[in-house]
Amino acid sequence: MNQNIFQDGIKHLLTVEPEFKRFVPDHDIDFFLRPDGFAGICALIIEQQISVAAANSIKTKVFLLMNEVCAKDFLNLSDNDLRKAGLSRPKINYLKGVADQELSGKFDFKDLEKMEDVEAQKYMCQLKGIGTWTADCYLMACLGRQDIWPVGDIGLQEGVRRLKNLKERPSVEDMTFLARDWRPFRSVAANLLWADYDD
């Protein structure tokens, strides 16, 4: 994701979905970006199913416990310190599992860069604690893929509801259908809708 892709995406979205004009801000938005590798997946797992404010607080505390946010340093942390930083027991286990898989060579973040979106999603979802939302967000935020659409995200569902003036949030199936013409810039659509939702 970069400004050129973003601007091309906006032009495409306004052509196929003119109502997007209500969601294009007159200022730069903060792209949903995270580092790649373990640091990125660590951030995303922390962010699962909690508020932005809570996630940012926990991320700051957890990251400060490490010299470098990486699998090796994470495995050196005690469960007690991680719990004090606000990380739940399941998330500690998920992240230790990912770190183990990476250090043992059973999972390689570099492999994701060579894979198509669907293949990369399946590869990531083999890891305990990583579902389609986390995999999609990694592809979008950490690898900069431009056509990712996390259909299960409540913020995006609410954004689509507002965009389309629906009475209720669309289902996962409806999310896929309603965004069909937004390809190949669904990541741009997601960033616009998230920015509006967070305002």
# chains A, B, ... in the order shown; residues from 1 in each chain; ligands from 1
$ closest_atom_pairs --of "stretch 82-193 of chain A" --to "stretch 37-48 of chain A" --cutoff "9 Å" --atoms "only C-alpha atoms" --output "CSV"
residue,atom,partner,partner_atom,distance
A:Leu87,CA,A:Ile46,CA,7.2
A:Ser88,CA,A:Ile46,CA,8.8
A:Lys91,CA,A:Ile45,CA,6.8
A:Tyr94,CA,A:Ile45,CA,8.0
A:Leu95,CA,A:Cys42,CA,6.6
A:Val98,CA,A:Phe38,CA,8.0
A:Ala99,CA,A:Phe38,CA,7.4
A:Glu102,CA,A:Phe38,CA,8.3
A:Asp108,CA,A:Gly37,CA,8.6
A:Phe109,CA,A:Gly37,CA,5.5
A:Lys110,CA,A:Gly37,CA,7.7
A:Gly129,CA,A:Ile45,CA,7.6
A:Ile130,CA,A:Ile45,CA,7.6
A:Trp133,CA,A:Gln48,CA,8.6
A:Thr134,CA,A:Leu44,CA,6.3
A:Ala135,CA,A:Ile41,CA,8.7
A:Cys137,CA,A:Leu44,CA,7.5
A:Tyr138,CA,A:Ile41,CA,6.8
A:Ala141,CA,A:Gly40,CA,8.3
A:Cys142,CA,A:Gly40,CA,6.3
$ residues_around --residues "A:Ala195" --least-positions-apart "4" --cutoff "9 Å" --atoms "only C-alpha atoms" --output "ChimeraX atom specification"
/A:23,25,29-31,190-191,199
$ select_by_dssp --residues "stretch 16-109 of chain A" --states "helix (DSSP H, G or I)" --output "compact mmCIF listing (two decimals) with N, CA and C atoms, in the first residue's frame"
# COMPACT_ATOMS: atom_id res chain seq x y z
N VAL A 16 -17.05 2.97 -9.45
CA VAL A 16 -17.97 1.83 -9.32
C VAL A 16 -18.94 1.99 -8.16
N PRO A 18 -20.16 5.41 -6.35
CA PRO A 18 -20.07 6.86 -6.12
C PRO A 18 -20.29 7.29 -4.67
N GLU A 19 -21.02 6.48 -3.89
CA GLU A 19 -21.27 6.84 -2.49
C GLU A 19 -19.99 6.91 -1.66
N PHE A 20 -18.90 6.34 -2.20
CA PHE A 20 -17.62 6.43 -1.47
C PHE A 20 -17.17 7.88 -1.29
N LYS A 21 -17.73 8.80 -2.08
CA LYS A 21 -17.30 10.20 -1.94
C LYS A 21 -17.54 10.72 -0.53
N ARG A 22 -18.51 10.13 0.18
CA ARG A 22 -18.77 10.54 1.57
C ARG A 22 -17.68 10.05 2.52
N GLY A 37 6.73 -9.97 9.54
CA GLY A 37 7.37 -10.95 10.42
C GLY A 37 6.69 -11.09 11.77
N PHE A 38 7.44 -11.57 12.75
CA PHE A 38 6.86 -11.85 14.07
C PHE A 38 6.30 -10.59 14.72
N ALA A 39 6.97 -9.46 14.53
CA ALA A 39 6.49 -8.21 15.16
C ALA A 39 5.08 -7.88 14.68
N GLY A 40 4.83 -8.10 13.40
CA GLY A 40 3.50 -7.80 12.86
C GLY A 40 2.45 -8.74 13.40
N ILE A 41 2.76 -10.02 13.42
CA ILE A 41 1.76 -10.99 13.89
C ILE A 41 1.54 -10.83 15.40
N CYS A 42 2.58 -10.43 16.11
CA CYS A 42 2.44 -10.17 17.54
C CYS A 42 1.45 -9.02 17.76
N ALA A 43 1.61 -7.95 16.98
CA ALA A 43 0.69 -6.82 17.10
C ALA A 43 -0.74 -7.24 16.78
N LEU A 44 -0.92 -8.00 15.72
CA LEU A 44 -2.27 -8.37 15.28
C LEU A 44 -2.96 -9.33 16.25
N ILE A 45 -2.21 -10.25 16.82
CA ILE A 45 -2.82 -11.17 17.79
C ILE A 45 -3.22 -10.40 19.05
N ILE A 46 -2.40 -9.46 19.47
CA ILE A 46 -2.77 -8.62 20.61
C ILE A 46 -4.05 -7.86 20.30
N GLU A 47 -4.20 -7.41 19.06
CA GLU A 47 -5.35 -6.58 18.67
C GLU A 47 -6.65 -7.36 18.50
N VAL A 52 -9.23 -0.56 20.23
CA VAL A 52 -7.96 0.01 19.74
C VAL A 52 -7.14 0.54 20.91
N ALA A 53 -7.79 1.23 21.83
CA ALA A 53 -7.09 1.82 22.97
C ALA A 53 -6.44 0.75 23.85
N ALA A 54 -7.20 -0.31 24.13
CA ALA A 54 -6.66 -1.40 24.96
C ALA A 54 -5.50 -2.09 24.24
N ALA A 55 -5.67 -2.33 22.94
CA ALA A 55 -4.62 -3.00 22.17
C ALA A 55 -3.34 -2.18 22.15
N ASN A 56 -3.46 -0.88 21.96
CA ASN A 56 -2.27 -0.02 21.91
C ASN A 56 -1.55 -0.01 23.25
N SER A 57 -2.31 0.00 24.34
CA SER A 57 -1.71 -0.01 25.67
C SER A 57 -0.94 -1.31 25.91
N ILE A 58 -1.56 -2.44 25.57
CA ILE A 58 -0.92 -3.74 25.79
C ILE A 58 0.29 -3.91 24.87
N LYS A 59 0.15 -3.50 23.60
CA LYS A 59 1.28 -3.61 22.66
C LYS A 59 2.49 -2.85 23.18
N THR A 60 2.26 -1.64 23.64
CA THR A 60 3.37 -0.82 24.14
C THR A 60 4.09 -1.54 25.29
N LYS A 61 3.33 -2.07 26.23
CA LYS A 61 3.93 -2.73 27.38
C LYS A 61 4.66 -4.01 26.99
N VAL A 62 4.04 -4.82 26.12
CA VAL A 62 4.66 -6.08 25.69
C VAL A 62 5.93 -5.81 24.89
N PHE A 63 5.87 -4.87 23.95
CA PHE A 63 7.04 -4.58 23.11
C PHE A 63 8.21 -4.04 23.92
N LEU A 64 7.90 -3.28 24.98
CA LEU A 64 8.97 -2.73 25.81
C LEU A 64 9.70 -3.81 26.62
N ALA A 71 10.72 -13.50 17.62
CA ALA A 71 10.33 -14.77 18.23
C ALA A 71 11.25 -15.16 19.38
N LYS A 72 12.54 -15.02 19.17
CA LYS A 72 13.51 -15.43 20.19
C LYS A 72 13.33 -14.63 21.49
N ASP A 73 13.22 -13.31 21.36
CA ASP A 73 13.05 -12.47 22.55
C ASP A 73 11.72 -12.74 23.23
N PHE A 74 10.67 -13.01 22.43
CA PHE A 74 9.36 -13.26 23.04
C PHE A 74 9.40 -14.53 23.88
N LEU A 75 10.06 -15.57 23.39
CA LEU A 75 10.11 -16.83 24.13
C LEU A 75 10.91 -16.72 25.42
N ASP A 79 5.58 -15.90 31.46
CA ASP A 79 4.13 -15.73 31.37
C ASP A 79 3.65 -14.66 32.35
N ASN A 80 4.30 -14.60 33.52
CA ASN A 80 3.89 -13.64 34.53
C ASN A 80 4.08 -12.20 34.05
N ASP A 81 5.23 -11.93 33.41
CA ASP A 81 5.48 -10.58 32.89
C ASP A 81 4.50 -10.23 31.78
N LEU A 82 4.20 -11.21 30.95
CA LEU A 82 3.26 -10.96 29.85
C LEU A 82 1.85 -10.72 30.38
N ARG A 83 1.49 -11.46 31.41
CA ARG A 83 0.17 -11.26 32.03
C ARG A 83 0.09 -9.86 32.66
N LYS A 84 1.16 -9.44 33.33
CA LYS A 84 1.19 -8.11 33.94
C LYS A 84 1.06 -7.02 32.88
N ARG A 89 -4.01 -15.24 28.73
CA ARG A 89 -3.34 -16.54 28.66
C ARG A 89 -3.43 -17.19 27.27
N PRO A 90 -4.63 -17.18 26.63
CA PRO A 90 -4.69 -17.76 25.28
C PRO A 90 -3.76 -17.06 24.29
N LYS A 91 -3.70 -15.74 24.36
CA LYS A 91 -2.84 -15.01 23.41
C LYS A 91 -1.36 -15.27 23.68
N ILE A 92 -1.00 -15.44 24.94
CA ILE A 92 0.38 -15.82 25.27
C ILE A 92 0.70 -17.16 24.61
N ASN A 93 -0.22 -18.11 24.74
CA ASN A 93 0.00 -19.43 24.14
C ASN A 93 0.06 -19.36 22.62
N TYR A 94 -0.82 -18.55 22.02
CA TYR A 94 -0.80 -18.42 20.55
C TYR A 94 0.55 -17.87 20.08
N LEU A 95 1.02 -16.81 20.75
CA LEU A 95 2.25 -16.17 20.32
C LEU A 95 3.47 -17.05 20.57
N LYS A 96 3.45 -17.79 21.67
CA LYS A 96 4.56 -18.71 21.92
C LYS A 96 4.57 -19.82 20.86
N GLY A 97 3.37 -20.24 20.45
CA GLY A 97 3.27 -21.25 19.40
C GLY A 97 3.81 -20.75 18.08
N VAL A 98 3.46 -19.52 17.71
CA VAL A 98 3.98 -18.94 16.47
C VAL A 98 5.49 -18.80 16.54
N ALA A 99 5.99 -18.31 17.69
CA ALA A 99 7.43 -18.13 17.86
C ALA A 99 8.16 -19.47 17.74
N ASP A 100 7.61 -20.51 18.37
CA ASP A 100 8.21 -21.86 18.27
C ASP A 100 8.26 -22.34 16.83
N GLN A 101 7.14 -22.16 16.12
CA GLN A 101 7.06 -22.61 14.73
C GLN A 101 8.08 -21.88 13.85
N GLU A 102 8.23 -20.58 14.10
CA GLU A 102 9.20 -19.81 13.30
C GLU A 102 10.64 -20.25 13.60
N LEU A 103 10.97 -20.35 14.88
CA LEU A 103 12.35 -20.69 15.25
C LEU A 103 12.73 -22.12 14.85
N PHE A 109 7.92 -16.61 7.64
CA PHE A 109 7.19 -15.44 7.18
C PHE A 109 7.60 -15.02 5.78
$ residues_around --residues "A:Ile148" --least-positions-apart "2" --cutoff "12 Å" --atoms "only C-alpha atoms" --output "PyMOL selection string"
chain A and resi 1+32+116-118+120-121+132-146+150-151+153+176+179-180+182-191
$ write_last_selection --atoms "N, CA and C atoms" --output "short mmCIF file (atom, residue, chain, number, x, y, z; two decimals), in the first residue's frame"
data_model
loop_
_atom_site.label_atom_id
_atom_site.label_comp_id
_atom_site.auth_asym_id
_atom_site.auth_seq_id
_atom_site.Cartn_x
_atom_site.Cartn_y
_atom_site.Cartn_z
N MET A 1 0.84 -1.19 0.00
CA MET A 1 0.00 0.00 0.00
C MET A 1 0.88 1.25 0.00
N PHE A 32 -3.65 1.38 7.66
CA PHE A 32 -3.53 0.26 8.60
C PHE A 32 -2.24 -0.47 8.22
N GLU A 116 0.30 -16.35 -3.43
CA GLU A 116 -0.93 -15.62 -3.75
C GLU A 116 -1.74 -15.44 -2.46
N ASP A 117 -2.69 -14.52 -2.48
CA ASP A 117 -3.42 -14.16 -1.27
C ASP A 117 -4.09 -15.37 -0.60
N VAL A 118 -4.83 -16.17 -1.37
CA VAL A 118 -5.57 -17.29 -0.78
C VAL A 118 -4.62 -18.33 -0.21
N ALA A 120 -1.56 -17.83 0.86
CA ALA A 120 -0.92 -17.27 2.05
C ALA A 120 -1.87 -17.31 3.25
N GLN A 121 -3.14 -17.04 2.99
CA GLN A 121 -4.13 -17.08 4.07
C GLN A 121 -4.20 -18.49 4.66
N THR A 132 -8.95 -16.23 9.82
CA THR A 132 -8.95 -15.48 8.56
C THR A 132 -8.77 -13.98 8.78
N TRP A 133 -9.35 -13.43 9.89
CA TRP A 133 -9.19 -11.99 10.13
C TRP A 133 -7.72 -11.64 10.30
N THR A 134 -7.01 -12.38 11.16
CA THR A 134 -5.60 -12.08 11.42
C THR A 134 -4.77 -12.29 10.17
N ALA A 135 -5.05 -13.37 9.43
CA ALA A 135 -4.31 -13.63 8.19
C ALA A 135 -4.54 -12.51 7.18
N ASP A 136 -5.80 -12.12 7.00
CA ASP A 136 -6.11 -11.04 6.06
C ASP A 136 -5.42 -9.74 6.46
N CYS A 137 -5.49 -9.43 7.75
CA CYS A 137 -4.88 -8.19 8.22
C CYS A 137 -3.37 -8.22 8.06
N TYR A 138 -2.76 -9.40 8.22
CA TYR A 138 -1.31 -9.50 8.00
C TYR A 138 -0.98 -9.20 6.53
N LEU A 139 -1.76 -9.79 5.63
CA LEU A 139 -1.50 -9.59 4.20
C LEU A 139 -1.67 -8.12 3.83
N MET A 140 -2.67 -7.47 4.40
CA MET A 140 -2.92 -6.07 4.09
C MET A 140 -1.92 -5.15 4.78
N ALA A 141 -1.81 -5.29 6.09
CA ALA A 141 -1.07 -4.31 6.89
C ALA A 141 0.43 -4.55 6.91
N CYS A 142 0.85 -5.81 6.81
CA CYS A 142 2.27 -6.13 6.92
C CYS A 142 2.94 -6.34 5.56
N LEU A 143 2.17 -6.84 4.59
CA LEU A 143 2.73 -7.11 3.26
C LEU A 143 2.22 -6.14 2.20
N GLY A 144 1.27 -5.27 2.57
CA GLY A 144 0.83 -4.24 1.65
C GLY A 144 0.01 -4.73 0.46
N ARG A 145 -0.66 -5.88 0.62
CA ARG A 145 -1.49 -6.39 -0.48
C ARG A 145 -2.68 -5.45 -0.69
N GLN A 146 -3.01 -5.14 -1.93
CA GLN A 146 -3.97 -4.08 -2.21
C GLN A 146 -5.42 -4.56 -2.36
N PRO A 150 -11.19 -8.15 4.79
CA PRO A 150 -11.50 -8.94 6.00
C PRO A 150 -12.99 -8.91 6.32
N VAL A 151 -13.73 -9.82 5.71
CA VAL A 151 -15.20 -9.78 5.74
C VAL A 151 -15.80 -9.91 7.14
N ASP A 153 -14.71 -8.46 9.87
CA ASP A 153 -14.37 -7.33 10.73
C ASP A 153 -15.61 -6.47 11.01
N THR A 176 -18.85 -10.10 1.01
CA THR A 176 -18.12 -10.52 -0.19
C THR A 176 -18.86 -10.05 -1.44
N ALA A 179 -18.87 -6.12 -2.10
CA ALA A 179 -17.57 -5.54 -2.45
C ALA A 179 -17.01 -6.11 -3.76
N ARG A 180 -17.81 -6.86 -4.49
CA ARG A 180 -17.29 -7.56 -5.67
C ARG A 180 -16.73 -6.60 -6.73
N TRP A 182 -15.39 -3.73 -6.16
CA TRP A 182 -14.30 -2.91 -5.64
C TRP A 182 -12.93 -3.49 -5.94
N ARG A 183 -12.90 -4.75 -6.39
CA ARG A 183 -11.62 -5.35 -6.80
C ARG A 183 -10.99 -4.49 -7.89
N PRO A 184 -9.68 -4.38 -7.98
CA PRO A 184 -8.67 -4.99 -7.12
C PRO A 184 -8.16 -4.04 -6.03
N PHE A 185 -9.08 -3.22 -5.49
CA PHE A 185 -8.65 -2.23 -4.49
C PHE A 185 -9.45 -2.33 -3.20
N ARG A 186 -9.78 -3.55 -2.79
CA ARG A 186 -10.59 -3.67 -1.58
C ARG A 186 -9.82 -3.27 -0.32
N SER A 187 -8.49 -3.34 -0.35
CA SER A 187 -7.72 -2.84 0.79
C SER A 187 -7.89 -1.33 0.95
N VAL A 188 -7.98 -0.63 -0.18
CA VAL A 188 -8.21 0.82 -0.13
C VAL A 188 -9.58 1.09 0.46
N ALA A 189 -10.58 0.34 0.01
CA ALA A 189 -11.93 0.49 0.56
C ALA A 189 -11.92 0.25 2.07
N ALA A 190 -11.22 -0.79 2.50
CA ALA A 190 -11.15 -1.10 3.93
C ALA A 190 -10.53 0.05 4.71
N ASN A 191 -9.43 0.62 4.19
CA ASN A 191 -8.78 1.73 4.89
C ASN A 191 -9.69 2.94 4.98
#
$ closest_residue --among "A:Met124, A:Val24, A:Leu65, A:Ile50" --to "A:Ile154" --atoms "only C-alpha atoms"
A:Ile50
$ closest_residue --among "A:Asp26, A:Asn76, A:Gly155, A:Cys70" --to "A:Ser51" --atoms "only C-alpha atoms"
A:Gly155
$ closest_residue --among "A:Asp28, A:Glu113, A:Asp8, A:Asp196" --to "A:Glu158" --atoms "only C-alpha atoms"
A:Asp196
